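> Have a look at this one.
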Amino acid sequence: MHVLSATIDNLRSIASARLALNNPAERGMLYPNVNVILGNNGAGKSTLLRAIAMGILAPSLGDSGYRPDSMVRRAPSVKGRSAKSKAAKGAPPLTGRAGVTLTLHAQDWPATAPALPGKGELSLAGEIAVRGDFESFVWTDQPAKDVAAQLTDTYYKRQSSAFFLAGYGATRRVETSERLDPTARDKARSPRYARVAGLFEDHIALIPLESWLPDYREKNRGRYTQVIHLINKLLPPNCRLAEVLPDGAQRDYLFEMAGTVVPFRALSDGYKAYIGWIGDMLYHVCMNSPSGKKLVENHGVVLIDEVDLHLHPEWQQTVLPTLSKALPNVQFIVTTHSPLVVGSLEASNLFVLDVTGDGALVTRRPEKVHGASAEQILLSPYFGLESTRTREVAKDLRKLADQATADDPKAALEYLKLLAKRKIAS
Ligand SMILES: Nc1ncnc2c1ncn2[C@@H]1O[C@H](COP(=O)(O)OP(=O)(O)OP(=O)(O)O)[C@@H](O)[C@H]1O
Ligand SMILES: [Mg+2]
């Protein structure tokens with residue numbers, strides 16, 4: 001399953017947005033399975049990821065444990081009325097639909113299942129209904145009864161390899177295996193929703209490698225080897241997964257970091273956050289992939305908020321190309337604030353969320369970015385910075401440049417002196 005397009009209406013800051021997403025079947029692109037959402041803080045990037053998760057899970061979200069909270073877009077402030085008095089009145093939600101509609105590539109639709117209408121694509125839609133202070137999710141535009149039954153009875157089952165979806169919010173913390181209680185997890189949230197719950201709930205912890213991989217080693221040696229291979233492929237060259245500590249003391253995976261062997265819990269925050277979510281993703285891939293199928297053949301959708309979280313600039317340059325090649329059938333939909341992530345991709349991989357007076361809108365840009373410098377990208381419409389220098393210095397330079405172009409030779413000299421002074425000493 002892949003998302004072909006998404007239409008989002010009146011969710012949080014997004015008034016209306018329509019995206020035609022790239023997917024692994026696309027031809028002629030360097031990284032056809034990568035979609036990156038850009039935009040200022042508060043533009044609605046995380047909202048967009050949440051909306052896509054809601055749309056994909058629409059048939060199974062009803063009693064999944066998901067509770068919408070302030071998802072319906074509120075009316076913009078009325079000029080002249082203070083925020084306080086407005087709040088006291090209770091800012092009304094906008095009228096009109098608040099929800100999401102997705103068109104999915106139904107590549108996993110079994111030949112024996114009831115046929116899908118049209119081109120064999122699947123349309124899923126959901127809305128947030130408001131009653132008093134409460135919001136609730138409603139699956140709308142339900143397909144024909146037999147198709148709906150196929151979806152709910154087969155596709156959304158825990159073990160079904162179709163409709164693989166995992167989502168990672170911006171707070172990524174790995175649970176320690178002693179504290180992990182899988183039964184409590186399953187009781188609170190349906191397994192389908194649990195895989196994306198981190199996008200909606202800050203306190204969701206990721207599943208640690210040591211809670212499942214050692215058993216997997218005993219049960220399915222071939223798969224285990226594939227997991228280790230994939231983890232190492234997704235890590236930078238100076239870090240390798242070494243071996244598991246014996247049972248007894250604290251069971252934990254060992255990593256070889258630049259020649260030193262350290263347990264997972266002793267790794268730096270950046271490595272823990274990164275290994276945490278790729279480990280969790282591989283857990284779900286393993287649980288979902290039917291035996292006999294290679295893990296790298298797994299297809300589905302993975303949503304990652306702030307994909308560059310904690311990563312050094314060098315790693316930011318490689319993270320998406322690495323993920324894209326390691327799991328070529330997975331459609332990645334991610335957000336970032338990093339020009340280095342952007343420079344590793346093509347313009348066709350990028351979507352910009354722009355905030356307008358009437359809510360945020362999604363735009364595509366024609367400017368080429370692959371191989372451009374971070375400075376060029378930051379000054380381009382993808383980020384829209386006027387200068388990458390601190391404001392006062394940029395202002396002084398601009399003033400001197402204006403004077404110099406108006407034939408003031410002294411200003412030209414001052415301009416050069418100021419530039420020389422700001423050079424980073426080697
Ligand atoms: N019910 C609502 N109606 C209107 N706006 C809302 C509502 N709930 C939240 N918002 C606003 O929607 C915006 C979107 O938030 P979102 O988390 O999607 O932004 P973001 O682009 O991910 O930002 P960041 O880069 O900081 O993570 C926020 O500015 C928030 O104030
Ligand atoms: Mg966000």
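By convention here, the chains of the structure tokens are called A, B, ... in the order presented, each chain's residues are numbered starting at 1, and ligands are numbered starting at 1 in the order presented.
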Please identify every polymer residue within 6 Å of ligand 1, using only C-alpha atoms and all ligand atoms, and present the set as a PDB file with N, CA, C and O atoms, in the first residue's frame.

ATOM      1  N   ARG A  12      -6.331  21.565  12.374  1.00  0.00           N
ATOM      2  CA  ARG A  12      -5.398  22.483  13.057  1.00  0.00           C
ATOM      3  C   ARG A  12      -5.068  23.695  12.184  1.00  0.00           C
ATOM      4  O   ARG A  12      -5.976  24.423  11.802  1.00  0.00           O
ATOM      5  N   SER A  13      -3.806  23.914  11.826  1.00  0.00           N
ATOM      6  CA  SER A  13      -3.475  25.131  11.076  1.00  0.00           C
ATOM      7  C   SER A  13      -3.768  24.995   9.578  1.00  0.00           C
ATOM      8  O   SER A  13      -3.649  25.953   8.837  1.00  0.00           O
ATOM      9  N   GLY A  39       8.461  23.653   6.158  1.00  0.00           N
ATOM     10  CA  GLY A  39       7.595  24.770   6.577  1.00  0.00           C
ATOM     11  C   GLY A  39       8.046  25.295   7.923  1.00  0.00           C
ATOM     12  O   GLY A  39       8.705  24.590   8.689  1.00  0.00           O
ATOM     13  N   ASN A  40       7.665  26.536   8.199  1.00  0.00           N
ATOM     14  CA  ASN A  40       8.036  27.169   9.476  1.00  0.00           C
ATOM     15  C   ASN A  40       7.461  26.399  10.659  1.00  0.00           C
ATOM     16  O   ASN A  40       6.551  25.588  10.485  1.00  0.00           O
ATOM     17  N   ASN A  41       7.964  26.707  11.836  1.00  0.00           N
ATOM     18  CA  ASN A  41       7.371  26.141  13.053  1.00  0.00           C
ATOM     19  C   ASN A  41       5.895  26.530  13.087  1.00  0.00           C
ATOM     20  O   ASN A  41       5.552  27.694  12.826  1.00  0.00           O
ATOM     21  N   GLY A  42       5.060  25.570  13.370  1.00  0.00           N
ATOM     22  CA  GLY A  42       3.627  25.856  13.477  1.00  0.00           C
ATOM     23  C   GLY A  42       2.895  25.882  12.144  1.00  0.00           C
ATOM     24  O   GLY A  42       1.696  26.146  12.103  1.00  0.00           O
ATOM     25  N   ALA A  43       3.602  25.615  11.045  1.00  0.00           N
ATOM     26  CA  ALA A  43       2.940  25.656   9.734  1.00  0.00           C
ATOM     27  C   ALA A  43       1.914  24.533   9.596  1.00  0.00           C
ATOM     28  O   ALA A  43       0.888  24.687   8.931  1.00  0.00           O
ATOM     29  N   GLY A  44       2.217  23.381  10.192  1.00  0.00           N
ATOM     30  CA  GLY A  44       1.263  22.268  10.105  1.00  0.00           C
ATOM     31  C   GLY A  44       1.880  20.981   9.588  1.00  0.00           C
ATOM     32  O   GLY A  44       1.160  20.080   9.146  1.00  0.00           O
ATOM     33  N   LYS A  45       3.208  20.852   9.663  1.00  0.00           N
ATOM     34  CA  LYS A  45       3.885  19.641   9.140  1.00  0.00           C
ATOM     35  C   LYS A  45       3.452  18.394   9.922  1.00  0.00           C
ATOM     36  O   LYS A  45       3.098  17.371   9.341  1.00  0.00           O
ATOM     37  N   SER A  46       3.523  18.489  11.259  1.00  0.00           N
ATOM     38  CA  SER A  46       3.126  17.325  12.079  1.00  0.00           C
ATOM     39  C   SER A  46       1.650  17.028  11.881  1.00  0.00           C
ATOM     40  O   SER A  46       1.236  15.857  11.851  1.00  0.00           O
ATOM     41  N   THR A  47       0.858  18.084  11.720  1.00  0.00           N
ATOM     42  CA  THR A  47      -0.581  17.905  11.488  1.00  0.00           C
ATOM     43  C   THR A  47      -0.809  17.087  10.216  1.00  0.00           C
ATOM     44  O   THR A  47      -1.661  16.208  10.165  1.00  0.00           O
ATOM     45  N   SER A  70      -8.271  18.749  19.783  1.00  0.00           N
ATOM     46  CA  SER A  70      -8.049  20.037  19.110  1.00  0.00           C
ATOM     47  C   SER A  70      -7.556  19.837  17.674  1.00  0.00           C
ATOM     48  O   SER A  70      -6.640  20.500  17.238  1.00  0.00           O
ATOM     49  N   MET A  71      -8.156  18.894  16.967  1.00  0.00           N
ATOM     50  CA  MET A  71      -7.772  18.656  15.573  1.00  0.00           C
ATOM     51  C   MET A  71      -8.564  19.554  14.618  1.00  0.00           C
ATOM     52  O   MET A  71      -8.106  19.888  13.539  1.00  0.00           O
ATOM     53  N   VAL A  72      -9.780  19.915  15.019  1.00  0.00           N
ATOM     54  CA  VAL A  72     -10.608  20.732  14.121  1.00  0.00           C
ATOM     55  C   VAL A  72     -10.096  22.172  14.140  1.00  0.00           C
ATOM     56  O   VAL A  72      -9.902  22.754  15.209  1.00  0.00           O
ATOM     57  N   ARG A  73      -9.868  22.710  12.959  1.00  0.00           N
ATOM     58  CA  ARG A  73      -9.290  24.058  12.857  1.00  0.00           C
ATOM     59  C   ARG A  73     -10.222  25.104  13.461  1.00  0.00           C
ATOM     60  O   ARG A  73     -11.427  25.092  13.210  1.00  0.00           O
ATOM     61  N   ARG A  74      -9.628  25.968  14.249  1.00  0.00           N
ATOM     62  CA  ARG A  74     -10.411  27.021  14.880  1.00  0.00           C
ATOM     63  C   ARG A  74     -10.361  28.279  14.029  1.00  0.00           C
ATOM     64  O   ARG A  74      -9.377  28.521  13.345  1.00  0.00           O
TER      65      ARG A  74
END
> Give me every strand (DSSP E) residue in range 191-292 of chain A, going by DSSP on the backbone, as an MDAnalysis selection string.
chainID A and resid 205:206 239:244 253:257 260:263
> Could the residues in this selection be written to a file with N, CA, C and O atoms, as a short mmCIF file (atom, residue, chain, number, x, y, z; two decimals), in the first residue's frame?

data_model
loop_
_atom_site.label_atom_id
_atom_site.label_comp_id
_atom_site.auth_asym_id
_atom_site.auth_seq_id
_atom_site.Cartn_x
_atom_site.Cartn_y
_atom_site.Cartn_z
N ALA A 205 6.47 5.23 24.09
CA ALA A 205 7.88 4.80 24.03
C ALA A 205 8.05 3.74 22.93
O ALA A 205 7.11 3.01 22.60
N LEU A 206 9.26 3.69 22.38
CA LEU A 206 9.54 2.75 21.29
C LEU A 206 9.91 1.38 21.85
O LEU A 206 10.40 1.26 22.98
N CYS A 239 29.53 3.02 13.29
CA CYS A 239 28.72 2.36 14.32
C CYS A 239 28.20 1.03 13.81
O CYS A 239 27.62 0.95 12.72
N ARG A 240 28.38 -0.02 14.60
CA ARG A 240 27.94 -1.36 14.22
C ARG A 240 27.25 -2.05 15.38
O ARG A 240 27.69 -1.92 16.52
N LEU A 241 26.18 -2.79 15.08
CA LEU A 241 25.54 -3.60 16.11
C LEU A 241 26.42 -4.82 16.32
O LEU A 241 26.72 -5.55 15.37
N ALA A 242 26.88 -5.05 17.57
CA ALA A 242 27.86 -6.11 17.80
C ALA A 242 27.17 -7.41 18.23
O ALA A 242 27.01 -8.33 17.45
N GLU A 243 26.73 -7.52 19.45
CA GLU A 243 26.13 -8.77 19.93
C GLU A 243 25.22 -8.47 21.11
O GLU A 243 25.19 -7.35 21.59
N VAL A 244 24.49 -9.48 21.58
CA VAL A 244 23.59 -9.22 22.71
C VAL A 244 24.27 -9.68 24.01
O VAL A 244 24.98 -10.68 24.02
N TYR A 253 21.63 -4.72 23.89
CA TYR A 253 22.49 -4.91 22.72
C TYR A 253 23.75 -4.08 22.83
O TYR A 253 23.74 -2.97 23.37
N LEU A 254 24.82 -4.65 22.31
CA LEU A 254 26.10 -3.93 22.31
C LEU A 254 26.33 -3.32 20.93
O LEU A 254 26.02 -3.94 19.91
N PHE A 255 26.87 -2.13 20.94
CA PHE A 255 27.21 -1.46 19.69
C PHE A 255 28.68 -1.12 19.69
O PHE A 255 29.24 -0.73 20.73
N GLU A 256 29.30 -1.28 18.54
CA GLU A 256 30.70 -0.89 18.42
C GLU A 256 30.73 0.51 17.84
O GLU A 256 30.34 0.74 16.69
N MET A 257 31.15 1.46 18.68
CA MET A 257 31.17 2.86 18.27
C MET A 257 32.61 3.29 18.12
O MET A 257 33.32 3.41 19.11
N THR A 260 34.99 1.29 20.11
CA THR A 260 34.67 0.99 21.51
C THR A 260 33.31 0.31 21.58
O THR A 260 32.36 0.76 20.93
N VAL A 261 33.23 -0.75 22.40
CA VAL A 261 31.96 -1.47 22.50
C VAL A 261 31.17 -0.92 23.69
O VAL A 261 31.66 -0.89 24.81
N VAL A 262 29.94 -0.46 23.42
CA VAL A 262 29.10 0.08 24.50
C VAL A 262 27.67 -0.46 24.36
O VAL A 262 27.21 -0.72 23.24
N PRO A 263 26.97 -0.65 25.51
CA PRO A 263 25.57 -1.10 25.41
C PRO A 263 24.68 0.02 24.87
O PRO A 263 25.03 1.20 24.98
#
> Of the residues A:Phe264, A:Phe332, A:Phe351, A:Tyr271, which is the one nearest to Glu175 in chain A, using only C-alpha atoms?
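Going through A:Phe264, A:Phe332, A:Phe351, A:Tyr271 one by one, the smallest distance to Glu175 in chain A is for A:Phe264.
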> Figure out the distance between CA of Val362 in chain A and CA of Asn22 in chain A, please, to one decimal in Å.
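According to the coordinates, CA of Asn22 in chain A and CA of Val362 in chain A are separated by 14.7 Å.
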> What's around Tyr274 in chain A at 9 Å? Count only C-alpha atoms, leave out sequence neighbours fewer than 2 positions away in its own chain, and write the answer as a PyMOL selection string.
chain A and resi 172+235+269-272+276-279+307+309-311
> To test your reading of the structure, identify every residue in range 240-413 of chain A that backbone DSSP assigns to alpha helix (DSSP H), and report it as JSON, numbers by chain.
{"A": [269, 270, 271, 272, 273, 274, 275, 276, 277, 278, 279, 280, 281, 282, 283, 284, 285, 286, 287, 288, 313, 314, 315, 316, 317, 318, 319, 320, 321, 322, 323, 324, 325, 326, 339, 340, 341, 342, 343, 374, 375, 376, 377, 378, 379, 391, 392, 393, 394, 395, 396, 397, 398, 399, 400, 401, 402, 403, 404, 405, 409, 410, 411, 412, 413]}
> Report as a compact mmCIF listing (two decimals) with all heavy atoms, in the first residue's frame all protein, DNA and RNA residues lying within 10 Å of Val100 in chain A, evaluated on only C-alpha atoms, omitting residues in the same chain fewer than 2 positions from it.

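Saved the output as part.txt:
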# COMPACT_ATOMS: atom_id res chain seq x y z
N ALA A 6 -3.44 12.97 -1.06
CA ALA A 6 -4.10 13.27 0.21
C ALA A 6 -4.75 14.64 0.12
O ALA A 6 -4.14 15.58 -0.40
CB ALA A 6 -3.09 13.26 1.35
N THR A 7 -5.97 14.74 0.60
CA THR A 7 -6.65 16.04 0.69
C THR A 7 -7.01 16.25 2.15
O THR A 7 -7.62 15.38 2.77
CB THR A 7 -7.93 16.06 -0.18
OG1 THR A 7 -7.56 15.73 -1.51
CG2 THR A 7 -8.59 17.42 -0.17
N ILE A 8 -6.58 17.39 2.66
CA ILE A 8 -6.79 17.66 4.09
C ILE A 8 -7.57 18.97 4.24
O ILE A 8 -7.22 19.97 3.60
CB ILE A 8 -5.41 17.76 4.81
CG1 ILE A 8 -4.75 16.38 4.78
CG2 ILE A 8 -5.57 18.23 6.26
CD1 ILE A 8 -3.27 16.44 4.70
N ASP A 9 -8.60 18.94 5.04
CA ASP A 9 -9.43 20.14 5.22
C ASP A 9 -9.59 20.46 6.69
O ASP A 9 -9.97 19.58 7.48
CB ASP A 9 -10.84 19.90 4.64
CG ASP A 9 -10.81 19.74 3.14
OD1 ASP A 9 -10.36 20.66 2.47
OD2 ASP A 9 -11.21 18.65 2.67
N ASN A 10 -9.33 21.72 7.01
CA ASN A 10 -9.65 22.26 8.34
C ASN A 10 -9.14 21.43 9.51
O ASN A 10 -9.86 21.19 10.48
CB ASN A 10 -11.18 22.45 8.47
CG ASN A 10 -11.66 23.62 7.65
OD1 ASN A 10 -10.96 24.63 7.54
ND2 ASN A 10 -12.83 23.49 7.06
N LEU A 11 -7.89 20.98 9.41
CA LEU A 11 -7.30 20.31 10.56
C LEU A 11 -6.21 21.22 11.13
O LEU A 11 -5.30 21.64 10.41
CB LEU A 11 -6.70 18.96 10.16
CG LEU A 11 -7.70 17.89 9.73
CD1 LEU A 11 -6.99 16.57 9.43
CD2 LEU A 11 -8.77 17.65 10.81
N SER A 16 -6.70 24.02 3.91
CA SER A 16 -6.99 23.08 2.84
C SER A 16 -5.68 22.75 2.17
O SER A 16 -4.90 23.64 1.83
CB SER A 16 -7.95 23.77 1.88
OG SER A 16 -7.76 23.26 0.59
N ALA A 17 -5.40 21.49 2.00
CA ALA A 17 -4.14 21.09 1.37
C ALA A 17 -4.37 19.86 0.53
O ALA A 17 -5.11 18.95 0.93
CB ALA A 17 -3.09 20.79 2.45
N ARG A 18 -3.75 19.86 -0.66
CA ARG A 18 -3.84 18.66 -1.50
C ARG A 18 -2.44 18.30 -1.95
O ARG A 18 -1.69 19.14 -2.45
CB ARG A 18 -4.73 18.92 -2.71
CG ARG A 18 -4.99 17.65 -3.45
CD ARG A 18 -5.92 17.79 -4.63
NE ARG A 18 -5.62 16.73 -5.58
CZ ARG A 18 -5.96 15.46 -5.42
NH1 ARG A 18 -6.63 15.09 -4.36
NH2 ARG A 18 -5.63 14.55 -6.30
N LEU A 48 0.00 17.40 9.20
CA LEU A 48 -0.12 16.68 7.93
C LEU A 48 0.18 15.19 8.09
O LEU A 48 -0.54 14.33 7.57
CB LEU A 48 0.87 17.32 6.96
CG LEU A 48 0.38 17.48 5.54
CD1 LEU A 48 0.91 18.77 4.98
CD2 LEU A 48 0.88 16.34 4.72
N ARG A 50 -0.11 13.50 10.84
CA ARG A 50 -1.22 12.92 11.61
C ARG A 50 -2.42 12.66 10.71
O ARG A 50 -3.08 11.63 10.82
CB ARG A 50 -1.66 13.88 12.72
CG ARG A 50 -0.66 14.00 13.82
CD ARG A 50 -1.16 14.97 14.86
NE ARG A 50 -0.09 15.28 15.80
CZ ARG A 50 -0.26 15.99 16.89
NH1 ARG A 50 -1.45 16.47 17.18
NH2 ARG A 50 0.74 16.23 17.69
N ALA A 51 -2.70 13.62 9.84
CA ALA A 51 -3.86 13.47 8.96
C ALA A 51 -3.68 12.25 8.05
O ALA A 51 -4.63 11.49 7.83
CB ALA A 51 -4.04 14.74 8.12
N ILE A 52 -2.47 12.05 7.54
CA ILE A 52 -2.23 10.89 6.66
C ILE A 52 -2.42 9.59 7.44
O ILE A 52 -3.04 8.64 6.96
CB ILE A 52 -0.84 10.99 6.00
CG1 ILE A 52 -0.83 12.17 5.02
CG2 ILE A 52 -0.45 9.69 5.28
CD1 ILE A 52 0.52 12.50 4.41
N ALA A 53 -1.91 9.57 8.67
CA ALA A 53 -2.08 8.36 9.51
C ALA A 53 -3.57 8.11 9.76
O ALA A 53 -4.05 6.98 9.65
CB ALA A 53 -1.34 8.54 10.83
N MET A 54 -4.30 9.18 10.06
CA MET A 54 -5.74 9.04 10.30
C MET A 54 -6.45 8.48 9.07
O MET A 54 -7.31 7.60 9.18
CB MET A 54 -6.36 10.41 10.62
CG MET A 54 -6.28 10.81 12.07
SD MET A 54 -6.62 12.59 12.30
CE MET A 54 -7.91 12.89 11.13
N GLY A 55 -6.08 9.00 7.90
CA GLY A 55 -6.72 8.55 6.66
C GLY A 55 -6.44 7.09 6.39
O GLY A 55 -7.36 6.32 6.07
N ILE A 56 -5.19 6.68 6.53
CA ILE A 56 -4.84 5.28 6.24
C ILE A 56 -5.56 4.33 7.19
O ILE A 56 -6.03 3.27 6.82
CB ILE A 56 -3.31 5.05 6.32
CG1 ILE A 56 -2.59 5.86 5.24
CG2 ILE A 56 -2.97 3.56 6.19
CD1 ILE A 56 -1.07 5.78 5.28
N ALA A 58 -8.33 4.87 8.73
CA ALA A 58 -9.75 5.22 8.90
C ALA A 58 -10.66 4.04 9.28
O ALA A 58 -11.38 4.13 10.28
CB ALA A 58 -10.27 5.93 7.65
N ARG A 97 -16.22 20.76 6.45
CA ARG A 97 -15.65 19.46 6.79
C ARG A 97 -14.26 19.61 7.43
O ARG A 97 -13.45 20.39 6.97
CB ARG A 97 -15.55 18.66 5.49
CG ARG A 97 -14.93 17.33 5.62
CD ARG A 97 -14.89 16.69 4.24
NE ARG A 97 -14.44 15.32 4.36
CZ ARG A 97 -13.17 14.96 4.36
NH1 ARG A 97 -12.22 15.85 4.23
NH2 ARG A 97 -12.83 13.69 4.49
N ALA A 98 -14.01 18.85 8.48
CA ALA A 98 -12.66 18.80 9.05
C ALA A 98 -12.21 17.35 8.94
O ALA A 98 -12.67 16.49 9.68
CB ALA A 98 -12.67 19.24 10.50
N LEU A 102 -7.87 10.09 1.37
CA LEU A 102 -6.66 9.57 0.74
C LEU A 102 -7.03 8.67 -0.43
O LEU A 102 -8.03 7.97 -0.40
CB LEU A 102 -5.86 8.70 1.72
CG LEU A 102 -5.36 9.32 3.01
CD1 LEU A 102 -4.56 8.27 3.79
CD2 LEU A 102 -4.48 10.52 2.74
N LEU A 124 -10.03 6.32 0.95
CA LEU A 124 -10.41 6.25 2.37
C LEU A 124 -10.59 7.67 2.89
O LEU A 124 -9.79 8.56 2.54
CB LEU A 124 -9.31 5.56 3.18
CG LEU A 124 -9.07 4.07 2.92
CD1 LEU A 124 -7.89 3.59 3.73
CD2 LEU A 124 -10.31 3.25 3.25
N ALA A 125 -11.59 7.87 3.70
CA ALA A 125 -11.81 9.22 4.22
C ALA A 125 -12.28 9.16 5.66
O ALA A 125 -12.96 8.22 6.08
CB ALA A 125 -12.84 9.94 3.37
N GLY A 126 -11.89 10.17 6.42
CA GLY A 126 -12.34 10.27 7.80
C GLY A 126 -12.55 11.72 8.18
O GLY A 126 -11.96 12.62 7.58
N GLU A 127 -13.41 11.93 9.14
CA GLU A 127 -13.70 13.29 9.60
C GLU A 127 -13.63 13.35 11.11
O GLU A 127 -13.80 12.33 11.79
CB GLU A 127 -15.13 13.67 9.20
CG GLU A 127 -15.24 14.14 7.80
CD GLU A 127 -16.67 14.57 7.46
OE1 GLU A 127 -17.44 14.96 8.39
OE2 GLU A 127 -17.00 14.50 6.28
N ILE A 128 -13.40 14.55 11.59
CA ILE A 128 -13.49 14.75 13.04
C ILE A 128 -14.83 15.44 13.29
O ILE A 128 -15.09 16.53 12.76
CB ILE A 128 -12.34 15.64 13.57
CG1 ILE A 128 -10.97 15.14 13.12
CG2 ILE A 128 -12.43 15.77 15.09
CD1 ILE A 128 -10.46 13.91 13.78
N TRP A 139 -15.31 7.42 10.36
CA TRP A 139 -14.91 6.91 9.03
C TRP A 139 -16.03 7.26 8.06
O TRP A 139 -17.16 6.81 8.21
CB TRP A 139 -14.69 5.40 9.11
CG TRP A 139 -14.31 4.77 7.79
CD1 TRP A 139 -13.73 5.38 6.72
CD2 TRP A 139 -14.50 3.40 7.43
NE1 TRP A 139 -13.52 4.48 5.71
CE2 TRP A 139 -13.99 3.26 6.11
CE3 TRP A 139 -15.04 2.29 8.07
CZ2 TRP A 139 -14.01 2.04 5.43
CZ3 TRP A 139 -15.05 1.07 7.40
CH2 TRP A 139 -14.54 0.95 6.09
N THR A 140 -15.74 8.10 7.08
CA THR A 140 -16.79 8.54 6.15
C THR A 140 -16.53 7.93 4.77
O THR A 140 -15.53 7.24 4.57
CB THR A 140 -16.80 10.07 6.03
OG1 THR A 140 -15.48 10.49 5.71
CG2 THR A 140 -17.25 10.73 7.30
> Nearest residue to ligand 2 out of A:Val227, A:Leu61, A:Ala170, A:Ile304, using only C-alpha atoms and all ligand atoms?
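For ligand 2, the nearest of the candidates is A:Ala170.
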> Within 7 Å of Tyr415 in chain A, counting only C-alpha atoms, which residues qualify if same-chain residues fewer than 3 places away don't, as JSON, numbers by chain?
{"A": [397, 400, 401, 411, 412, 418, 419]}
> Could you check which of A:Ser291, A:Asn220, A:Asn33, A:Ser5 is closest to Thr322 in chain A, using only C-alpha atoms?
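Ranking A:Ser291, A:Asn220, A:Asn33, A:Ser5 by distance to Thr322 in chain A, first place goes to A:Asn33.
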> At a cut-off of 6 Å, using only C-alpha atoms, what residues contact Thr103 in chain A? Leave out same-chain residues fewer than 4 positions from it and give the result as a PyMOL selection string.
chain A and resi 4-5+122-123
> Return the single residue from A:Gln226, A:Asn288, A:Thr176, A:Thr336 that is closest to ligand 2, with distances computed using only C-alpha atoms and all ligand atoms.
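Going through A:Gln226, A:Asn288, A:Thr176, A:Thr336 one by one, the smallest distance to ligand 2 is for A:Thr336.
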> So the first atom is CA of Glu306 in chain A and the second is CA of Tyr168 in chain A; what is the distance between them in Å, to one decimal place?
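Value for the CA of Glu306 in chain A-CA of Tyr168 in chain A distance: 8.9 Å.
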> For the atom pair CA of Ala106 in chain A and CA of Tyr66 in chain A, what is the interatomic distance in Å to one decimal place?
24.4 Å
> List the spatial neighbours of range 367-370 of chain A as a list of chain:residue names - criterion: any atom at most 9 Å away, only C-alpha atoms, same-chain residues fewer than 6 positions off excluded.
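Counting only the stated atoms, we get A:Val342, A:Gly343, A:Ser344, A:Leu345, A:Glu346, A:Ala347, A:Ser348, A:Gln376, A:Ile377, A:Ser380, A:Pro381, A:Tyr382.
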> Of the residues A:Arg251, A:Arg265, A:Lys219, A:His337, which is the one nearest to ligand 2, using only C-alpha atoms and all ligand atoms?
A:His337
